[in-house]
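model-v8.cif (mmCIF, C-alpha atoms and all ligand atoms) appears below.
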```cif
data_target
#
loop_
_atom_site.label_atom_id
_atom_site.label_comp_id
_atom_site.auth_asym_id
_atom_site.auth_seq_id
_atom_site.Cartn_x
_atom_site.Cartn_y
_atom_site.Cartn_z
CA MET F 1 112.61 114.80 -3.19
CA PRO F 2 111.15 111.28 -3.75
CA ALA F 3 109.41 109.61 -0.81
CA LYS F 4 112.07 106.91 -0.53
CA SER F 5 114.89 109.47 -0.13
CA VAL F 6 112.82 111.43 2.40
CA ALA F 7 112.32 108.32 4.50
CA ILE F 8 115.99 107.36 4.38
CA SER F 9 117.10 110.95 5.11
CA PHE F 10 114.76 111.09 8.09
CA VAL F 11 116.27 107.95 9.58
CA LEU F 12 119.83 109.15 8.91
CA VAL F 13 119.13 112.50 10.58
CA LEU F 14 117.65 110.65 13.56
CA LEU F 15 120.75 108.46 13.71
CA LEU F 16 123.17 111.41 13.58
CA SER F 17 121.30 113.33 16.23
CA ILE F 18 121.52 110.34 18.55
CA LEU F 19 125.24 109.79 17.92
CA ASN F 20 126.16 113.46 18.36
CA PRO F 21 126.35 113.41 22.21
CA VAL F 22 129.53 111.30 21.87
CA ASN F 23 131.33 114.66 21.72
CA ALA F 24 131.63 114.99 25.51
CA ASP F 25 133.78 118.15 25.32
CA GLU F 26 130.72 120.20 24.39
CA ILE F 27 128.81 119.00 27.43
CA GLU F 28 131.79 119.74 29.64
CA THR F 29 132.23 123.33 28.38
CA THR F 30 128.59 124.08 29.04
CA SER F 31 128.78 122.85 32.61
CA ILE F 32 131.81 125.08 33.29
CA ASP F 33 129.90 128.09 32.06
CA GLU F 34 127.20 127.59 34.67
CA ASN F 35 128.77 129.87 37.20
CA THR F 36 127.73 129.86 40.81
CA LEU F 37 128.92 132.85 42.75
CA ASN F 38 130.10 132.02 46.26
CA CYS F 39 131.30 135.09 48.13
CA GLU F 40 132.00 133.46 51.48
CA GLY F 41 135.48 134.26 52.80
CA ILE F 42 136.44 136.90 50.24
CA GLU F 43 136.59 139.64 52.88
CA SER F 44 139.05 137.57 54.90
CA LEU F 45 141.59 136.86 52.13
CA GLU F 46 145.12 137.48 53.33
CA PHE F 47 147.27 136.78 50.30
CA ASP F 48 149.82 139.58 49.92
CA GLY F 49 151.05 140.02 46.34
CA LEU F 50 153.84 142.43 47.31
CA ARG F 51 155.24 139.98 49.82
CA ALA F 52 155.09 137.20 47.23
CA ASN F 53 156.87 139.45 44.75
CA GLU F 54 159.74 139.99 47.23
CA SER F 55 160.29 136.24 47.14
CA VAL F 56 160.84 136.42 43.35
CA SER F 57 163.67 138.95 43.77
CA PHE F 58 165.13 136.92 46.62
CA GLN F 59 165.16 133.73 44.55
CA VAL F 60 166.70 135.35 41.47
CA GLY F 61 169.28 137.03 43.76
CA LEU F 62 170.44 133.58 44.87
CA GLY F 63 171.58 132.82 41.31
CA PRO F 64 170.53 129.93 39.07
CA ARG F 65 168.68 127.26 41.08
CA LEU F 66 170.22 124.29 39.27
CA PRO F 67 169.87 120.81 40.81
CA GLY F 68 172.50 120.28 43.52
CA SER F 69 173.54 123.98 43.57
CA ASN F 70 174.13 126.11 46.65
CA ALA F 71 171.39 128.46 45.41
CA SER F 72 168.90 125.57 45.50
CA LYS F 73 169.97 124.60 49.01
CA ALA F 74 169.66 128.19 50.25
CA LEU F 75 166.20 128.53 48.72
CA LEU F 76 164.87 125.35 50.34
CA GLU F 77 166.42 126.24 53.68
CA SER F 78 164.81 129.66 53.77
CA PHE F 79 161.45 128.17 52.75
CA MET F 80 161.58 125.75 55.70
CA GLU F 81 162.87 128.37 58.17
CA ASN F 82 160.07 130.79 57.29
CA ASN F 83 157.34 128.19 57.77
CA THR F 84 157.89 126.29 60.98
CA ALA F 85 154.27 125.07 61.35
CA TRP F 86 154.97 122.62 58.53
CA ASN F 87 156.65 119.25 58.73
CA TRP F 88 159.34 119.36 56.01
CA THR F 89 161.13 116.51 54.25
CA LEU F 90 164.03 116.88 51.81
CA ASP F 91 163.44 114.13 49.27
CA LYS F 92 166.66 113.37 47.36
CA HIS F 93 167.17 111.38 44.16
CA PRO F 94 170.34 110.83 42.14
CA TYR F 95 170.71 113.29 39.26
CA ALA F 96 173.69 113.43 36.88
CA ASP F 97 176.71 113.50 39.25
CA THR F 98 174.74 115.13 42.07
CA ASN F 99 171.27 114.91 43.63
CA MET F 100 168.00 116.54 42.80
CA THR F 101 165.94 117.37 45.86
CA ASN F 102 162.18 117.78 46.15
CA LEU F 103 160.90 119.62 49.21
CA HIS F 104 157.75 118.04 50.63
CA GLY F 105 155.91 119.77 53.47
CA ILE F 106 152.87 118.58 55.43
CA TYR F 107 150.53 120.78 57.39
CA THR F 108 148.24 118.76 59.64
CA PRO F 109 145.44 120.63 61.41
CA ASN F 110 144.92 120.11 65.10
CA VAL F 111 141.94 117.74 64.88
CA ASN F 112 141.50 114.30 66.44
CA GLN F 113 141.08 112.44 63.23
CA THR F 114 143.22 110.27 61.01
CA ASP F 115 142.80 109.62 57.27
CA LEU F 116 142.29 113.32 56.55
CA PRO F 117 141.82 114.41 52.93
CA VAL F 118 144.85 116.08 51.33
CA VAL F 119 145.12 119.13 49.07
CA ILE F 120 148.53 119.64 47.45
CA LEU F 121 149.98 122.97 46.35
CA ALA F 122 152.94 122.52 44.02
CA ALA F 123 155.51 124.41 41.94
CA HIS F 124 158.91 123.68 40.44
CA TYR F 125 161.70 125.63 42.10
CA ASP F 126 164.58 124.88 39.75
CA SER F 127 165.48 127.47 37.13
CA ARG F 128 166.33 126.47 33.59
CA ASP F 129 169.95 125.58 32.80
CA ARG F 130 169.84 127.15 29.32
CA ALA F 131 168.20 129.97 27.33
CA GLU F 132 167.60 128.27 23.99
CA ARG F 133 165.09 130.96 22.91
CA ASP F 134 167.33 133.95 23.62
CA ASP F 135 168.13 136.36 20.76
CA ASP F 136 171.82 136.41 21.73
CA GLU F 137 173.22 133.18 20.27
CA ASN F 138 176.34 133.51 22.43
CA ARG F 139 174.27 133.22 25.60
CA THR F 140 171.81 130.40 24.80
CA GLY F 141 173.93 127.99 26.86
CA GLU F 142 173.72 130.09 30.05
CA PRO F 143 171.13 129.51 32.80
CA ILE F 144 168.14 131.89 32.83
CA PRO F 145 167.19 134.08 35.83
CA GLY F 146 163.85 132.21 36.09
CA ALA F 147 161.90 135.02 37.76
CA ASN F 148 158.61 133.87 36.26
CA ASP F 149 159.59 130.32 35.20
CA GLY F 150 160.29 128.82 38.63
CA GLY F 151 160.34 131.96 40.79
CA SER F 152 156.67 132.97 40.50
CA GLY F 153 155.25 129.57 41.50
CA VAL F 154 157.51 129.33 44.55
CA ALA F 155 156.57 132.92 45.47
CA VAL F 156 152.85 132.12 45.50
CA LEU F 157 153.47 129.00 47.55
CA SER F 158 155.64 130.87 50.06
CA GLU F 159 152.72 133.22 50.77
CA LEU F 160 150.26 130.34 51.03
CA ALA F 161 152.61 128.44 53.36
CA ARG F 162 152.41 131.42 55.71
CA ILE F 163 148.59 131.65 55.48
CA VAL F 164 147.47 127.99 55.52
CA PRO F 165 148.11 127.42 59.28
CA THR F 166 145.82 130.37 60.10
CA LEU F 167 142.81 129.10 58.11
CA GLY F 168 141.39 126.59 60.60
CA LEU F 169 141.17 123.89 57.93
CA GLU F 170 140.01 120.39 58.74
CA HIS F 171 142.12 118.65 56.13
CA GLU F 172 145.83 118.31 55.41
CA VAL F 173 147.65 120.59 53.01
CA TRP F 174 150.90 119.46 51.46
CA ILE F 175 153.36 121.70 49.68
CA LEU F 176 155.60 120.17 47.03
CA LEU F 177 158.50 122.11 45.54
CA THR F 178 159.85 119.99 42.71
CA ASP F 179 163.39 119.99 41.39
CA ALA F 180 164.66 119.33 37.83
CA GLU F 181 161.44 120.21 36.04
CA ASP F 182 163.17 122.47 33.54
CA GLN F 183 166.64 121.00 32.84
CA GLY F 184 168.11 119.70 29.60
CA VAL F 185 167.08 120.03 25.95
CA VAL F 186 163.54 118.80 26.68
CA PRO F 187 162.38 119.63 30.21
CA GLY F 188 161.93 116.26 31.90
CA MET F 189 159.82 116.91 35.03
CA LEU F 190 162.24 114.57 36.81
CA GLY F 191 161.47 115.66 40.36
CA ALA F 192 157.72 115.35 39.89
CA LYS F 193 158.08 111.94 38.25
CA ALA F 194 160.22 110.63 41.10
CA TRP F 195 157.78 111.98 43.71
CA ALA F 196 154.72 110.51 41.95
CA GLN F 197 156.37 107.09 41.62
CA ASP F 198 157.13 107.02 45.35
CA ARG F 199 153.49 107.50 46.46
CA THR F 200 151.60 104.57 47.99
CA GLN F 201 148.06 103.75 46.83
CA GLU F 202 146.82 104.82 50.26
CA GLU F 203 148.40 108.25 49.79
CA ILE F 204 147.05 108.58 46.25
CA ASP F 205 143.54 107.74 47.47
CA SER F 206 143.71 110.49 50.10
CA ILE F 207 144.68 113.26 47.64
CA HIS F 208 141.66 115.31 46.55
CA ALA F 209 143.57 117.87 44.51
CA PHE F 210 147.05 118.55 43.16
CA LEU F 211 147.19 122.25 42.25
CA LEU F 212 150.28 123.22 40.29
CA VAL F 213 151.31 126.83 39.68
CA ASP F 214 153.97 127.73 37.12
CA MET F 215 154.72 130.96 35.22
CA ILE F 216 151.88 132.90 36.81
CA GLY F 217 153.69 136.20 37.43
CA ASP F 218 153.38 137.77 33.97
CA ALA F 219 152.02 141.31 34.24
CA ASP F 220 149.81 140.46 31.25
CA LEU F 221 148.29 137.38 32.93
CA GLN F 222 146.08 134.96 30.96
CA ILE F 223 145.24 131.59 32.43
CA ASN F 224 143.49 129.00 30.30
CA ARG F 225 142.52 125.42 30.90
CA VAL F 226 145.43 123.09 30.08
CA TYR F 227 145.94 119.66 28.60
CA PRO F 228 145.28 116.93 29.38
CA PRO F 229 141.64 117.99 29.56
CA LYS F 230 140.65 114.62 30.89
CA VAL F 231 142.25 111.28 31.57
CA GLY F 232 139.10 109.34 32.40
CA LEU F 233 138.79 111.22 35.70
CA SER F 234 135.90 113.64 36.06
CA GLN F 235 137.86 114.91 39.06
CA THR F 236 139.98 117.16 36.81
CA ASP F 237 136.75 118.67 35.43
CA ARG F 238 135.67 119.26 39.03
CA LEU F 239 138.88 121.19 39.73
CA TRP F 240 138.61 123.35 36.58
CA GLU F 241 134.99 124.12 37.42
CA ALA F 242 136.15 125.20 40.88
CA VAL F 243 138.79 127.48 39.30
CA ASP F 244 136.12 129.02 37.08
CA ASP F 245 133.73 129.60 40.00
CA LEU F 246 136.42 131.07 42.26
CA ALA F 247 137.82 133.31 39.51
CA SER F 248 134.29 134.52 38.73
CA SER F 249 133.69 135.43 42.36
CA LEU F 250 136.97 137.35 42.40
CA GLY F 251 136.22 139.29 39.20
CA LEU F 252 138.77 137.45 37.06
CA VAL F 253 136.45 136.13 34.34
CA LYS F 254 135.66 138.54 31.52
CA ASP F 255 132.32 140.34 31.89
CA VAL F 256 131.07 138.04 34.66
CA PRO F 257 129.76 140.09 37.61
CA ALA F 258 131.97 139.55 40.66
CA CYS F 259 131.12 139.50 44.37
CA ASP F 260 132.02 143.18 44.69
CA GLY F 261 129.53 144.04 41.93
CA SER F 262 132.17 144.89 39.31
CA LEU F 263 132.36 143.21 35.90
CA GLY F 264 135.16 140.68 35.71
CA ILE F 265 138.39 141.28 33.77
CA ASP F 266 139.89 138.76 31.35
CA ILE F 267 142.39 136.78 33.44
CA VAL F 268 140.93 133.27 33.64
CA ASN F 269 139.23 131.57 30.71
CA THR F 270 138.58 127.85 31.15
CA ASP F 271 136.79 127.66 27.78
CA VAL F 272 140.14 127.99 25.99
CA LEU F 273 142.35 124.90 26.02
CA ASP F 274 146.17 125.00 25.83
CA GLY F 275 148.36 121.91 25.53
CA VAL F 276 150.81 121.91 28.44
CA ILE F 277 152.94 119.05 29.70
CA ASP F 278 154.13 120.04 33.17
CA ASP F 279 154.56 118.57 36.66
CA HIS F 280 150.82 117.82 36.88
CA VAL F 281 151.10 115.10 34.20
CA PRO F 282 153.12 112.56 36.26
CA MET F 283 150.45 113.01 38.97
CA LEU F 284 147.59 112.30 36.55
CA GLU F 285 149.44 109.22 35.39
CA VAL F 286 149.33 107.67 38.87
CA GLY F 287 145.66 108.63 39.38
CA ILE F 288 145.95 111.92 41.30
CA PRO F 289 143.43 114.63 40.24
CA ALA F 290 145.77 117.40 39.08
CA ILE F 291 145.58 120.74 37.28
CA ASP F 292 148.13 123.35 36.25
CA LEU F 293 147.57 127.09 36.54
CA ILE F 294 150.01 128.48 33.97
CA ASP F 295 150.32 131.37 31.51
CA ILE F 296 152.20 130.18 28.43
CA ARG F 297 152.18 133.63 26.75
CA TYR F 298 154.85 135.47 28.73
CA GLY F 299 155.06 139.17 28.04
CA PRO F 300 152.94 141.81 26.29
CA ASN F 301 151.24 140.36 23.16
CA ALA F 302 153.34 137.20 23.44
CA THR F 303 152.28 134.18 21.42
CA LYS F 304 152.10 130.65 22.86
CA TRP F 305 155.53 129.65 24.21
CA GLY F 306 156.90 132.98 23.00
CA GLY F 307 157.85 136.28 24.62
CA TYR F 308 160.38 136.14 27.46
CA TRP F 309 159.97 132.41 27.99
CA HIS F 310 163.33 130.56 28.23
CA THR F 311 165.32 133.73 27.57
CA HIS F 312 167.54 135.95 29.72
CA GLU F 313 164.64 138.41 29.78
CA ASP F 314 162.85 136.30 32.41
CA THR F 315 163.74 138.84 35.12
CA PRO F 316 161.92 140.08 38.27
CA ASP F 317 160.79 143.34 36.62
CA LYS F 318 158.57 141.28 34.27
CA VAL F 319 156.74 139.73 37.24
CA SER F 320 153.83 141.59 38.75
CA ALA F 321 152.67 141.49 42.38
CA GLU F 322 149.11 141.88 41.14
CA SER F 323 149.29 138.76 38.97
CA LEU F 324 150.79 136.74 41.81
CA ALA F 325 147.92 137.98 44.00
CA HIS F 326 145.26 136.94 41.46
CA VAL F 327 146.50 133.36 41.49
CA GLY F 328 147.20 133.32 45.22
CA ARG F 329 143.69 134.58 45.97
CA ILE F 330 142.08 131.89 43.79
CA LEU F 331 144.00 129.21 45.68
CA GLU F 332 143.39 130.74 49.11
CA LEU F 333 139.68 131.30 48.50
CA GLY F 334 139.38 127.70 47.29
CA LEU F 335 140.94 126.49 50.54
CA ARG F 336 138.61 128.69 52.60
CA GLN F 337 135.50 127.49 50.73
CA GLY F 338 136.54 123.83 50.55
CA SER F 339 136.41 124.01 46.74
CA TRP F 340 139.35 121.66 46.22
CA LEU F 341 137.79 118.78 48.16
CA MET F 342 135.68 116.02 46.64
CA GLU F 343 132.15 115.85 47.90
CA GLU F 344 131.75 113.77 51.02
CA ASN F 345 131.58 110.00 50.55
CA THR F 346 133.04 110.23 47.05
CA THR F 347 136.39 108.60 46.49
CA LEU F 348 138.54 108.57 43.43
CA GLN F 349 137.79 104.86 43.04
CA ASP F 350 134.01 105.56 43.08
CA ASP F 351 134.55 108.16 40.45
CA VAL F 352 136.43 105.80 38.14
CA GLU F 353 133.81 103.06 38.66
CA ASN F 354 130.85 105.40 38.09
CA LYS F 355 132.51 106.66 34.98
CA SER F 356 133.00 103.17 33.54
CA GLU F 357 129.46 102.08 34.53
CA ASP F 358 128.04 105.13 32.81
CA ALA F 359 130.16 104.40 29.78
CA THR F 360 128.98 100.76 29.61
CA GLN F 361 125.31 101.74 29.90
CA TYR F 362 125.78 104.46 27.33
CA ASP F 363 127.49 102.04 24.90
CA ALA F 364 124.58 99.58 25.24
CA VAL F 365 121.99 102.29 24.54
CA VAL F 366 123.94 103.58 21.51
CA LEU F 367 124.30 100.04 20.09
CA PHE F 368 120.57 99.36 20.56
CA VAL F 369 119.58 102.62 18.85
CA VAL F 370 122.05 102.15 15.97
CA PHE F 371 120.81 98.61 15.22
CA SER F 372 117.15 99.70 15.51
CA ALA F 373 117.79 102.58 13.12
CA ILE F 374 119.58 100.32 10.58
CA GLY F 375 116.65 97.87 10.86
CA ALA F 376 114.20 100.73 10.26
CA VAL F 377 116.13 101.90 7.17
CA LEU F 378 116.16 98.37 5.70
CA LEU F 379 112.48 97.94 6.52
CA LEU F 380 111.53 101.26 4.87
CA PHE F 381 113.71 100.43 1.89
CA GLY F 382 111.94 97.08 1.58
CA ILE F 383 108.48 98.63 1.92
CA LEU F 384 109.25 101.26 -0.73
CA HIS F 385 110.57 98.57 -3.10
CA GLY F 386 107.52 96.39 -2.43
CA SER F 387 109.63 93.44 -1.23
CA VAL F 388 108.28 93.76 2.34
CA ARG F 389 104.60 93.92 3.13
CA PHE F 390 102.72 93.88 6.41
CA LYS F 391 99.98 91.32 6.81
CA PRO F 392 96.57 92.95 6.85
ZN ZN F 401 160.53 126.54 31.76
#
```
Once more with this new file: its structure as structure tokens, please.
Ligand SMILES: [Zn+2]
Amino acid sequence: MPAKSVAISFVLVLLLSILNPVNADEIETTSIDENTLNCEGIESLEFDGLRANESVSFQVGLGPRLPGSNASKALLESFMENNTAWNWTLDKHPYADTNMTNLHGIYTPNVNQTDLPVVILAAHYDSRDRAERDDDENRTGEPIPGANDGGSGVAVLSELARIVPTLGLEHEVWILLTDAEDQGVVPGMLGAKAWAQDRTQEEIDSIHAFLLVDMIGDADLQINRVYPPKVGLSQTDRLWEAVDDLASSLGLVKDVPACDGSLGIDIVNTDVLDGVIDDHVPMLEVGIPAIDLIDIRYGPNATKWGGYWHTHEDTPDKVSAESLAHVGRILELGLRQGSWLMEENTTLQDDVENKSEDATQYDAVVLFVVFSAIGAVLLLFGILHGSVRFKP
């Protein structure tokens, strides 16, 4: 290779190696892999998968939980009656010729402090009004049982609603059961959108985590990281890292040694990314750090958005108490360890500002290096052609 080409290649390689870090996803994946095992509180976990599973049968037994239906009303009433330590609000919005109703509950610990941080546990409680994926074409217009899609998320939250008041937390926990997530040709997340739009900036600033659970009862449970991976908020990365750490401690990450000394099984894998638009997206859009724990491969060997999903096969026998317990224990352990909270003295606003400052500094450095490298190429080119010479 002639000297001129060697010189130019050298500069180009230098340039490419400098520009490569623009791919931030690689950096992010590496940081998630750095697992730190925290075993505090595991012995005390109370989440009862069998009890959660009873809730699935109860919900399906009520019939389709369509917006404005008696089944929906009965479900919300029983949720409130079973959890009297919470302050419940029925949040109604017009929907078709009826109302959709979100249930919003607040648990405030007994501490003499205002402006407490908030962690939100959320699930949609409506069941789908149609079964467009069912094999029986005569029944695609009928509502599905929604044991997993709707029922499983509510079941996990009903167990956590019972446990949260016993944890001695020093922050607020809110529960949000959204309505009208899964209605119509394209599920519209209408309840979540209405709830997000109604939040004040003060409320948004106090929310450290919005943790959505949906379709997490599949006996063959596989939870991956979901889209959007980032929306300019490193706070969603923080929450996925917490999920990875907690799941590792509980033995739910493949081949990672757990707190009990066993090798983890393959339930949670935050290195795999699935695109999912769900009730967490309207939250992200108003600036709330939100993630979605969801299994989009429902049933044995199911493909993405395949299996029993949106069919009449979404029945309680497909939902496993063990799977509900895996997800419930991740959420409960996170509450016990304070994993869902931002570090002290960090606010969402700080995070956004730091991010943009970093980005500005990074842009300036990249520009400087690129122009220097182009200058060096031109200079070398000139030297090799004899049109540029240094004074002796
Ligand atoms: Zn659905």
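As for CA of His280 in chain F and CA of Asp292 in chain F, they are spaced 6.2 Å apart.
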* To do: Collect all residues with atoms no farther than 10 Å from ligand ZN 401 (chain F), counting only C-alpha atoms and all ligand atoms, and output them as number ranges by chain.
  => F: 124, 126-131, 144, 146, 148-150, 181-183, 186-187, 214-215, 278, 296, 305, 309-311
Any idea what's packed within 12 Å of Leu333 in chain F, counting only C-alpha atoms, ignoring anything in its chain fewer than 5 positions away? Could you give it as an mmCIF file with C-alpha atoms, in the coordinates of the input?
```
data_model
loop_
_atom_site.group_PDB
_atom_site.id
_atom_site.type_symbol
_atom_site.label_atom_id
_atom_site.label_comp_id
_atom_site.auth_asym_id
_atom_site.auth_seq_id
_atom_site.Cartn_x
_atom_site.Cartn_y
_atom_site.Cartn_z
ATOM 1 C CA ASN F 38 130.100 132.020 46.260
ATOM 2 C CA CYS F 39 131.300 135.090 48.130
ATOM 3 C CA GLU F 40 132.000 133.460 51.480
ATOM 4 C CA GLY F 41 135.480 134.260 52.800
ATOM 5 C CA ILE F 42 136.440 136.900 50.240
ATOM 6 C CA GLU F 43 136.590 139.640 52.880
ATOM 7 C CA SER F 44 139.050 137.570 54.900
ATOM 8 C CA LEU F 45 141.590 136.860 52.130
ATOM 9 C CA GLU F 46 145.120 137.480 53.330
ATOM 10 C CA PHE F 47 147.270 136.780 50.300
ATOM 11 C CA LEU F 160 150.260 130.340 51.030
ATOM 12 C CA ILE F 163 148.590 131.650 55.480
ATOM 13 C CA VAL F 164 147.470 127.990 55.520
ATOM 14 C CA LEU F 167 142.810 129.100 58.110
ATOM 15 C CA ALA F 242 136.150 125.200 40.880
ATOM 16 C CA VAL F 243 138.790 127.480 39.300
ATOM 17 C CA ASP F 245 133.730 129.600 40.000
ATOM 18 C CA LEU F 246 136.420 131.070 42.260
ATOM 19 C CA ALA F 247 137.820 133.310 39.510
ATOM 20 C CA SER F 248 134.290 134.520 38.730
ATOM 21 C CA SER F 249 133.690 135.430 42.360
ATOM 22 C CA LEU F 250 136.970 137.350 42.400
ATOM 23 C CA ALA F 325 147.920 137.980 44.000
ATOM 24 C CA HIS F 326 145.260 136.940 41.460
ATOM 25 C CA VAL F 327 146.500 133.360 41.490
ATOM 26 C CA GLY F 328 147.200 133.320 45.220
ATOM 27 C CA GLY F 338 136.540 123.830 50.550
ATOM 28 C CA SER F 339 136.410 124.010 46.740
ATOM 29 C CA TRP F 340 139.350 121.660 46.220
#
```
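Across the structure, CA of Ala52 in chain F and CA of Ile175 in chain F are spaced 15.8 Å apart.
In this structure, CA of Thr84 in chain F sits 23.3 Å away from CA of Gly61 in chain F.
Among the candidate residues F:Gln201, F:Gly287, F:Ile294, F:Trp240, the one lying nearest to Ile223 in chain F is F:Ile294, with distances computed using all atoms listed in the file.
With distances restricted to only C-alpha atoms, F:Val60 is the closest residue to Pro316 in chain F from F:Leu66, F:Met283, F:Val60, F:Ala74.
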* Asked: With all atoms listed in the file as the atoms that count, which of F:Gln235, F:Ser206, F:Thr270, F:Ser57 lies nearest to Pro117 in chain F?
  -> F:Ser206
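Each of F:Gly251, F:Val185, F:Ser72, F:Asp115 was checked against Leu263 in chain F using only C-alpha atoms; the smallest atom-to-atom distance is that of F:Gly251.
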* Structure fact -> Of F:Glu285, F:Asp271, F:Glu343, F:Glu332, the one sitting nearest Leu121 in chain F when using all atoms listed in the file is F:Glu332
* To do: Fewer than 4 positions away in the same chain doesn't count, so skip those; otherwise give me all residues within 12 Å of Leu239 in chain F, counting all atoms listed in the file, as an MDAnalysis selection string.
  => chainID F and resid 32 119 208:212 225:226 229:230 233:235 243:246 270 288:293 330:331 334 338:343
